[in-house]
Amino acid sequence: MAEADIALIGLAVMGQNLILNMNDHGFVVCAFNRTVSKVDDFLANEAKGTKIIGGKSLEDMVSKLKKPRRVMMLVKAGSAVDAFIDKLVPLLEKGDIIIDGGNSEYLDTTRRCKALQEKGILFVGSGVSGGEDGARYGPSLMPGGAKEAWPHVKDIFQGIAAKVGNEPCCDWVGDEGAGHYVKMVHNGIEYGDMQLICEAYHLMKDLLGMSCDEMAEVMAEWNKTELDSFLIEISADILKFKDTDGSPLVEKIRDTAGQKGTGKWTAISALDAGMPVTLIGEAVFARCLSSIKDLRIEASKVLPGPGPAKFEGDKKEMVEHIRKALYASKIVSYTQGFMLLREAAKQFNWTLNYGGIALMWRGGCIIRSRFLGNIKEAFDKNSELSNLLLDDFFKGEILKCQDSWRKVVSQAALIG
Ligand code: 2AM
């Protein structure tokens, strides 16, 4: 019997949580997974007592779907997505919809869109951000692809998405791989934000000699200012967190970072597009540098800096300079990110709604912040705005911050 509103394939945590979220919003979901035993496990545990149903096979899953059929995948990016598409297509009809909610490369999404269009199947590639918690209680969703699919998935997507006020952090992004492209740039910006926080930490710790508890307090204060954001909030929590021996856990974590690839793709795309997305590029390179730890240790023995940092000014004042430097750098990073989006739209012939993108990032996702509300306002005032720095609000903010910013950069360089 056709009873399910949507099927979801891929029962890792993200997939499970999205299903539970859809169920909470009144949608009947049919769950499926390559390893089929996980369907029964899920129904017997996490999904117990809900309206969620399961598929015994792909055929069984498809037979339980209302038409047009909606099938969402949350499986490992790459060949797993293509493998499921190949198995699904013979079971579907023209006008049915396949949605890829994984972290796929936008060029793959564009390719899949085109191939499925020829078969009459509507393909949607959607960015999903917010991690496990976001998936469960309200992610940021960035869908793009075959626009004819949007009226059929809009209610589910906007229903489960995070809300800012009453507005859902989900809207149609654009054609082909536009949704995954926007998610990619989101991840690049996330790398940039994290790098800026690390640099602020580095300056407070090594220039000003502050303890983790002191820095936690500063971050908590910063979270009441223009920097109000998820990443600053959790930085305060992380700095406060103690290991079982009572010392700050963060200091015990090896200072080498890996990467999943989306930050790198953003930098590559920026080079391809000829756009100066320097801050994200530096953030990606900083991760690369961090990961060659042995070489860094070796080099530090023979290439000393200018000696131990000696800061002689007013610490409290310097902390405020650092805050303003972080804020100004963040404005530059988002400006660069939106420059890249604009150039990609031109290159791929997409119509992107920049204010809508700012709103999609305003809540639910990892880079969620008050600041994205200001970006949304800038595009509301002028949807043709060529560059964020030319908006009156951001121009004013940069002018307010630039003296502090220059002080911090010069001090940091001089002191090594
Ligand atoms: P599994 O439980 O059968 O491993 C996240 O890894 C999700 O992607 C899981 O649901 C996993 O299914 C699925 N997955 C990973 N690689 C896959 C592949 N090659 N084909 C199909 N599903 C895959």
# chains A, B, ... in the order shown; residues from 1 in each chain; ligands from 1
>>> residues_around(residues="A:Ile357", least_positions_apart="6", cutoff="12 Å", atoms="only C-alpha atoms", output="PyMOL selection string")
chain A and resi 127+140-144+168-174+178-179+181-183+185-186+334+337-338+341-342+351+363+365+368+372-373+375-377+379-380+383
>>> write_last_selection(atoms="N, CA, C and O atoms", output="compact mmCIF listing (two decimals), in the first residue's frame")
# COMPACT_ATOMS: atom_id res chain seq x y z
N GLY A 127 22.48 20.38 -0.04
CA GLY A 127 23.39 20.53 1.09
C GLY A 127 22.59 20.35 2.37
O GLY A 127 21.44 20.77 2.45
N SER A 140 20.09 23.21 8.37
CA SER A 140 20.02 24.16 7.26
C SER A 140 20.05 23.30 6.00
O SER A 140 20.87 22.40 5.87
N LEU A 141 19.10 23.53 5.11
CA LEU A 141 19.00 22.70 3.90
C LEU A 141 19.16 23.57 2.67
O LEU A 141 18.52 24.62 2.56
N MET A 142 20.00 23.13 1.75
CA MET A 142 20.31 23.93 0.55
C MET A 142 20.07 23.11 -0.71
O MET A 142 20.99 22.55 -1.28
N PRO A 143 18.80 23.00 -1.14
CA PRO A 143 18.50 22.14 -2.29
C PRO A 143 18.64 22.84 -3.64
O PRO A 143 18.27 24.00 -3.78
N GLY A 144 19.17 22.10 -4.61
CA GLY A 144 19.26 22.61 -5.97
C GLY A 144 19.08 21.46 -6.95
O GLY A 144 19.08 20.30 -6.55
N PRO A 168 12.00 29.50 7.54
CA PRO A 168 12.82 28.29 7.48
C PRO A 168 14.19 28.56 6.86
O PRO A 168 14.30 29.38 5.95
N CYS A 169 15.22 27.88 7.38
CA CYS A 169 16.56 28.01 6.82
C CYS A 169 16.70 27.03 5.67
O CYS A 169 17.53 26.10 5.69
N CYS A 170 15.83 27.19 4.71
CA CYS A 170 15.82 26.32 3.53
C CYS A 170 15.00 27.01 2.44
O CYS A 170 13.87 27.42 2.68
N ASP A 171 15.61 27.13 1.28
CA ASP A 171 14.88 27.65 0.13
C ASP A 171 15.54 27.03 -1.10
O ASP A 171 16.63 26.47 -1.01
N TRP A 172 14.87 27.19 -2.23
CA TRP A 172 15.45 26.64 -3.46
C TRP A 172 16.69 27.44 -3.81
O TRP A 172 16.66 28.67 -3.83
N VAL A 173 17.80 26.76 -4.07
CA VAL A 173 19.06 27.46 -4.33
C VAL A 173 19.23 27.78 -5.82
O VAL A 173 19.48 28.93 -6.19
N GLY A 174 19.09 26.78 -6.69
CA GLY A 174 19.30 27.03 -8.12
C GLY A 174 19.42 25.73 -8.88
O GLY A 174 19.23 24.64 -8.33
N ALA A 178 23.90 23.59 -7.93
CA ALA A 178 23.96 24.84 -7.15
C ALA A 178 23.83 24.61 -5.64
O ALA A 178 24.50 25.27 -4.84
N GLY A 179 22.97 23.67 -5.25
CA GLY A 179 22.77 23.41 -3.82
C GLY A 179 24.04 22.88 -3.18
O GLY A 179 24.46 23.35 -2.11
N TYR A 181 26.99 23.27 -4.38
CA TYR A 181 28.02 24.31 -4.50
C TYR A 181 27.93 25.25 -3.29
O TYR A 181 28.94 25.57 -2.66
N VAL A 182 26.71 25.66 -2.99
CA VAL A 182 26.50 26.57 -1.86
C VAL A 182 26.91 25.89 -0.55
O VAL A 182 27.52 26.51 0.32
N LYS A 183 26.63 24.61 -0.43
CA LYS A 183 27.07 23.87 0.77
C LYS A 183 28.60 23.82 0.82
O LYS A 183 29.19 23.94 1.90
N VAL A 185 30.72 26.04 -0.38
CA VAL A 185 31.22 27.36 0.04
C VAL A 185 30.94 27.56 1.54
O VAL A 185 31.78 28.11 2.27
N HIS A 186 29.79 27.09 1.99
CA HIS A 186 29.49 27.13 3.44
C HIS A 186 30.61 26.44 4.23
O HIS A 186 31.11 26.96 5.22
N TYR A 334 33.50 36.41 4.40
CA TYR A 334 32.15 36.22 3.84
C TYR A 334 32.01 37.02 2.55
O TYR A 334 31.36 36.56 1.60
N GLY A 337 33.53 34.87 0.02
CA GLY A 337 32.66 33.73 -0.27
C GLY A 337 31.52 34.11 -1.19
O GLY A 337 31.21 33.38 -2.16
N PHE A 338 30.90 35.25 -0.94
CA PHE A 338 29.80 35.69 -1.80
C PHE A 338 30.30 36.13 -3.18
O PHE A 338 29.59 36.00 -4.17
N LEU A 341 30.43 32.91 -5.02
CA LEU A 341 29.09 32.46 -5.41
C LEU A 341 28.61 33.23 -6.64
O LEU A 341 28.05 32.66 -7.58
N ARG A 342 28.86 34.54 -6.62
CA ARG A 342 28.41 35.37 -7.74
C ARG A 342 29.10 34.95 -9.05
O ARG A 342 28.48 34.86 -10.11
N THR A 351 20.82 31.19 -11.34
CA THR A 351 20.31 32.40 -10.71
C THR A 351 20.30 32.14 -9.21
O THR A 351 19.51 31.33 -8.73
N GLY A 363 20.56 30.07 10.43
CA GLY A 363 20.25 29.14 11.52
C GLY A 363 20.52 27.70 11.10
O GLY A 363 20.68 27.41 9.92
N CYS A 365 22.86 25.66 10.71
CA CYS A 365 24.16 25.12 10.26
C CYS A 365 25.29 25.54 11.19
O CYS A 365 25.10 26.30 12.14
N ARG A 368 26.11 29.27 11.65
CA ARG A 368 24.98 30.12 12.03
C ARG A 368 25.44 31.26 12.96
O ARG A 368 26.27 31.04 13.85
N LEU A 372 25.04 36.75 9.98
CA LEU A 372 24.41 36.38 8.71
C LEU A 372 23.07 37.09 8.53
O LEU A 372 22.62 37.29 7.41
N GLY A 373 22.48 37.50 9.66
CA GLY A 373 21.28 38.33 9.57
C GLY A 373 21.60 39.68 8.94
O GLY A 373 20.83 40.21 8.13
N ILE A 375 24.00 40.18 6.80
CA ILE A 375 24.24 39.93 5.37
C ILE A 375 22.91 39.83 4.63
O ILE A 375 22.72 40.40 3.55
N LYS A 376 21.97 39.13 5.25
CA LYS A 376 20.62 39.02 4.65
C LYS A 376 20.04 40.42 4.43
O LYS A 376 19.49 40.72 3.37
N GLU A 377 20.18 41.28 5.46
CA GLU A 377 19.64 42.65 5.35
C GLU A 377 20.31 43.42 4.22
O GLU A 377 19.65 44.18 3.50
N PHE A 379 21.48 42.26 1.44
CA PHE A 379 20.92 41.82 0.14
C PHE A 379 19.44 42.17 0.03
O PHE A 379 18.93 42.36 -1.08
N ASP A 380 18.74 42.27 1.17
CA ASP A 380 17.34 42.73 1.12
C ASP A 380 17.29 44.19 0.64
O ASP A 380 16.42 44.57 -0.13
N SER A 383 19.37 43.76 -3.82
CA SER A 383 19.59 42.38 -4.28
C SER A 383 20.70 42.31 -5.33
O SER A 383 21.23 41.25 -5.62
>>> closest_atom_pairs(of="chain A", to="ligand 1", cutoff="12 Å", atoms="only C-alpha atoms and all ligand atoms", output="CSV")
residue,atom,partner,partner_atom_place_in_ligand_line,distance
A:Leu8,CA,ligand 1,10 (O),9.9
A:Ile9,CA,ligand 1,10 (O),6.9
A:Gly10,CA,ligand 1,10 (O),3.4
A:Leu11,CA,ligand 1,10 (O),4.4
A:Ala12,CA,ligand 1,10 (O),4.9
A:Val13,CA,ligand 1,5 (C),8.2
A:Met14,CA,ligand 1,5 (C),8.4
A:Gly15,CA,ligand 1,10 (O),7.5
A:Gln16,CA,ligand 1,10 (O),9.3
A:Ala31,CA,ligand 1,10 (O),10.5
A:Phe32,CA,ligand 1,10 (O),8.4
A:Asn33,CA,ligand 1,10 (O),5.4
A:Arg34,CA,ligand 1,3 (O),4.0
A:Thr35,CA,ligand 1,3 (O),3.7
A:Val36,CA,ligand 1,3 (O),7.2
A:Ser37,CA,ligand 1,2 (O),8.8
A:Lys38,CA,ligand 1,2 (O),6.8
A:Val39,CA,ligand 1,2 (O),9.3
A:Asp41,CA,ligand 1,2 (O),11.3
A:Phe42,CA,ligand 1,2 (O),11.3
A:Leu58,CA,ligand 1,21 (C),11.8
A:Met72,CA,ligand 1,10 (O),11.9
A:Met73,CA,ligand 1,8 (O),8.6
A:Leu74,CA,ligand 1,7 (C),6.3
A:Val75,CA,ligand 1,8 (O),3.3
A:Lys76,CA,ligand 1,8 (O),4.3
A:Ala77,CA,ligand 1,8 (O),7.9
A:Gly78,CA,ligand 1,19 (N),8.3
A:Ser79,CA,ligand 1,19 (N),6.2
A:Ala80,CA,ligand 1,18 (C),3.9
A:Val81,CA,ligand 1,21 (C),7.1
A:Asp82,CA,ligand 1,20 (N),8.6
A:Ala83,CA,ligand 1,20 (N),6.3
A:Phe84,CA,ligand 1,21 (C),6.6
A:Ile85,CA,ligand 1,21 (C),10.2
A:Asp86,CA,ligand 1,20 (N),11.2
A:Lys87,CA,ligand 1,21 (C),10.5
A:Asp100,CA,ligand 1,8 (O),11.5
A:Gly101,CA,ligand 1,8 (O),11.2
A:Gly102,CA,ligand 1,8 (O),9.0
A:Asn103,CA,ligand 1,5 (C),11.0
>>> atom_distance(atom1="atom CA of A:Thr109", atom2="atom CA of A:Gly145")
7.8 Å
>>> select_by_dssp(residues="stretch 19-101 of chain A", states="strand (DSSP E)", output="list in words")
Val29, Cys30, Ala31, Phe32, Ile53, Gly54, Arg70, Val71, Met72, Met73, Ile97, Ile98, Ile99 and Asp100 of chain A
>>> atom_distance(atom1="atom CA of A:Val164", atom2="atom CA of A:Leu359")
8.2 Å
>>> atom_distance(atom1="atom CA of A:Lys147", atom2="atom CA of A:Asn349")
14.3 Å
>>> residues_around(residues="stretch 213-225 of chain A", least_positions_apart="2", cutoff="6 Å", atoms="only C-alpha atoms", output="list in words")
Ser211, Leu227, Asp228, Ala236, Leu239 and Lys240 of chain A
>>> select_by_dssp(residues="stretch 51-288 of chain A", states="helix (DSSP H, G or I)", output="PyMOL selection string")
chain A and resi 58-63+79-91+106-118+131-137+147-160+178-207+212-222+230-240+249-252+262-273+278-288
>>> residues_around(residues="A:Asn187", least_positions_apart="2", cutoff="9 Å", atoms="only C-alpha atoms", output="list in words")
Ser129, Val182, Lys183, Met184, Val185, Ile189, Glu190, Tyr191, Gly192, Thr262, Gly263, Thr266, Ile366 and Ile367 of chain A
>>> write_last_selection(atoms="N, CA, C and O atoms", output="short mmCIF file (atom, residue, chain, number, x, y, z; two decimals), in the first residue's frame")
data_model
loop_
_atom_site.label_atom_id
_atom_site.label_comp_id
_atom_site.auth_asym_id
_atom_site.auth_seq_id
_atom_site.Cartn_x
_atom_site.Cartn_y
_atom_site.Cartn_z
N SER A 129 23.34 20.87 6.48
CA SER A 129 24.34 21.26 7.47
C SER A 129 23.71 21.38 8.86
O SER A 129 22.53 21.64 9.00
N VAL A 182 26.71 25.66 -2.99
CA VAL A 182 26.50 26.57 -1.86
C VAL A 182 26.91 25.89 -0.55
O VAL A 182 27.52 26.51 0.32
N LYS A 183 26.63 24.61 -0.43
CA LYS A 183 27.07 23.87 0.77
C LYS A 183 28.60 23.82 0.82
O LYS A 183 29.19 23.94 1.90
N MET A 184 29.22 23.65 -0.33
CA MET A 184 30.69 23.61 -0.38
C MET A 184 31.27 24.94 0.12
O MET A 184 32.19 24.95 0.95
N VAL A 185 30.72 26.04 -0.38
CA VAL A 185 31.22 27.36 0.04
C VAL A 185 30.94 27.56 1.54
O VAL A 185 31.78 28.11 2.27
N ILE A 189 33.76 28.49 4.25
CA ILE A 189 33.63 29.61 5.19
C ILE A 189 33.77 29.11 6.63
O ILE A 189 34.39 29.75 7.48
N GLU A 190 33.24 27.93 6.88
CA GLU A 190 33.38 27.31 8.22
C GLU A 190 34.86 27.11 8.55
O GLU A 190 35.30 27.40 9.66
N TYR A 191 35.63 26.60 7.59
CA TYR A 191 37.08 26.45 7.80
C TYR A 191 37.69 27.80 8.16
O TYR A 191 38.53 27.91 9.06
N GLY A 192 37.29 28.84 7.43
CA GLY A 192 37.83 30.19 7.66
C GLY A 192 37.48 30.68 9.06
O GLY A 192 38.35 31.18 9.79
N THR A 262 35.78 19.55 1.46
CA THR A 262 34.96 20.64 0.91
C THR A 262 35.67 22.00 0.97
O THR A 262 35.46 22.83 0.10
N GLY A 263 36.52 22.21 2.00
CA GLY A 263 37.29 23.45 2.07
C GLY A 263 38.26 23.53 0.90
O GLY A 263 38.39 24.55 0.24
N THR A 266 36.51 24.34 -2.26
CA THR A 266 36.18 25.76 -2.36
C THR A 266 37.38 26.53 -2.89
O THR A 266 37.26 27.38 -3.78
N ILE A 366 26.48 25.05 10.90
CA ILE A 366 27.63 25.28 11.78
C ILE A 366 28.05 26.76 11.79
O ILE A 366 28.54 27.26 12.80
N ILE A 367 27.88 27.46 10.67
CA ILE A 367 28.32 28.87 10.66
C ILE A 367 27.18 29.82 11.08
O ILE A 367 27.27 31.02 10.88
#
>>> residues_around(residues="A:Thr256", least_positions_apart="6", cutoff="7 Å", atoms="only C-alpha atoms", output="list of chain:residue names")
A:Ser290, A:Ser291, A:Lys293
>>> closest_residue(among="A:Leu326, A:Gly416, A:Glu176, A:Pro151", to="A:Leu303", atoms="only C-alpha atoms")
A:Gly416
>>> closest_residue(among="A:Ala44, A:Cys30, A:Ile98, A:Ile232", to="A:Tyr327", atoms="only C-alpha atoms")
A:Ile232
>>> residues_around(residues="stretch 305-309 of chain A", least_positions_apart="4", cutoff="12 Å", atoms="only C-alpha atoms", output="count of residues only")
17
>>> closest_residue(among="A:Val332, A:Leu65, A:Cys212, A:Val128", to="A:Trp361", atoms="only C-alpha atoms")
A:Val128
>>> decode(residues="stretch 91-105 of chain A", atoms="all heavy atoms", output="short mmCIF file (atom, residue, chain, number, x, y, z; two decimals), in the first residue's frame")
data_model
loop_
_atom_site.label_atom_id
_atom_site.label_comp_id
_atom_site.auth_asym_id
_atom_site.auth_seq_id
_atom_site.Cartn_x
_atom_site.Cartn_y
_atom_site.Cartn_z
N LEU A 91 13.11 1.26 -11.19
CA LEU A 91 11.94 1.08 -10.32
C LEU A 91 11.03 2.31 -10.30
O LEU A 91 9.93 2.27 -9.77
CB LEU A 91 12.37 0.77 -8.88
CG LEU A 91 13.37 -0.38 -8.70
CD1 LEU A 91 13.82 -0.46 -7.25
CD2 LEU A 91 12.75 -1.70 -9.15
N LEU A 92 11.52 3.43 -10.87
CA LEU A 92 10.79 4.69 -10.79
C LEU A 92 10.12 5.03 -12.11
O LEU A 92 10.38 4.41 -13.14
CB LEU A 92 11.73 5.83 -10.37
CG LEU A 92 12.40 5.67 -8.99
CD1 LEU A 92 13.34 6.84 -8.72
CD2 LEU A 92 11.38 5.54 -7.88
N GLU A 93 9.23 6.05 -12.06
CA GLU A 93 8.54 6.53 -13.26
C GLU A 93 8.92 7.96 -13.53
O GLU A 93 9.44 8.65 -12.65
CB GLU A 93 7.02 6.50 -13.02
CG GLU A 93 6.41 5.14 -12.90
CD GLU A 93 4.96 5.23 -12.40
OE1 GLU A 93 4.42 6.35 -12.25
OE2 GLU A 93 4.40 4.16 -12.14
N LYS A 94 8.59 8.42 -14.73
CA LYS A 94 8.83 9.83 -15.07
C LYS A 94 8.15 10.73 -14.03
O LYS A 94 7.02 10.46 -13.62
CB LYS A 94 8.23 10.14 -16.44
CG LYS A 94 9.09 9.68 -17.60
CD LYS A 94 8.61 10.34 -18.89
CE LYS A 94 9.58 10.25 -20.03
NZ LYS A 94 10.15 9.06 -20.46
N GLY A 95 8.85 11.77 -13.62
CA GLY A 95 8.28 12.71 -12.65
C GLY A 95 8.60 12.37 -11.21
O GLY A 95 8.36 13.16 -10.31
N ASP A 96 9.13 11.16 -10.97
CA ASP A 96 9.57 10.81 -9.61
C ASP A 96 10.86 11.58 -9.27
O ASP A 96 11.55 12.07 -10.17
CB ASP A 96 9.83 9.30 -9.49
CG ASP A 96 8.51 8.50 -9.45
OD1 ASP A 96 7.45 9.12 -9.25
OD2 ASP A 96 8.57 7.26 -9.62
N ILE A 97 11.15 11.64 -7.99
CA ILE A 97 12.22 12.53 -7.52
C ILE A 97 13.27 11.76 -6.72
O ILE A 97 12.93 11.00 -5.81
CB ILE A 97 11.61 13.63 -6.63
CG1 ILE A 97 10.62 14.48 -7.44
CG2 ILE A 97 12.69 14.50 -5.99
CD1 ILE A 97 9.60 15.21 -6.58
N ILE A 98 14.53 11.97 -7.07
CA ILE A 98 15.63 11.43 -6.26
C ILE A 98 16.39 12.61 -5.66
O ILE A 98 16.76 13.54 -6.39
CB ILE A 98 16.61 10.56 -7.10
CG1 ILE A 98 15.87 9.37 -7.73
CG2 ILE A 98 17.78 10.08 -6.24
CD1 ILE A 98 16.76 8.48 -8.61
N ILE A 99 16.63 12.55 -4.35
CA ILE A 99 17.33 13.64 -3.67
C ILE A 99 18.61 13.08 -3.05
O ILE A 99 18.57 12.07 -2.35
CB ILE A 99 16.46 14.22 -2.53
CG1 ILE A 99 15.10 14.66 -3.05
CG2 ILE A 99 17.18 15.38 -1.84
CD1 ILE A 99 14.01 14.71 -1.98
N ASP A 100 19.72 13.73 -3.32
CA ASP A 100 20.97 13.34 -2.68
C ASP A 100 21.30 14.36 -1.59
O ASP A 100 21.59 15.52 -1.90
CB ASP A 100 22.09 13.30 -3.74
CG ASP A 100 23.48 13.10 -3.13
OD1 ASP A 100 23.55 12.65 -1.96
OD2 ASP A 100 24.47 13.39 -3.81
N GLY A 101 21.23 13.93 -0.34
CA GLY A 101 21.49 14.83 0.78
C GLY A 101 22.89 14.67 1.35
O GLY A 101 23.18 15.18 2.43
N GLY A 102 23.74 13.94 0.63
CA GLY A 102 25.11 13.73 1.12
C GLY A 102 26.03 14.88 0.74
O GLY A 102 25.60 15.86 0.14
N ASN A 103 27.30 14.73 1.11
CA ASN A 103 28.27 15.79 0.83
C ASN A 103 28.90 15.60 -0.55
O ASN A 103 30.11 15.46 -0.68
CB ASN A 103 29.36 15.77 1.90
CG ASN A 103 29.26 16.98 2.79
OD1 ASN A 103 28.77 18.04 2.37
ND2 ASN A 103 29.71 16.83 4.02
N SER A 104 28.07 15.58 -1.58
CA SER A 104 28.57 15.30 -2.93
C SER A 104 29.25 16.51 -3.53
O SER A 104 28.92 17.65 -3.21
CB SER A 104 27.43 14.87 -3.84
OG SER A 104 26.91 13.64 -3.43
N GLU A 105 30.19 16.24 -4.42
CA GLU A 105 30.85 17.31 -5.16
C GLU A 105 29.84 17.86 -6.16
O GLU A 105 29.13 17.10 -6.81
CB GLU A 105 32.08 16.73 -5.86
CG GLU A 105 33.22 17.69 -5.87
CD GLU A 105 34.50 17.08 -6.42
OE1 GLU A 105 34.73 15.87 -6.29
OE2 GLU A 105 35.28 17.87 -6.97
#
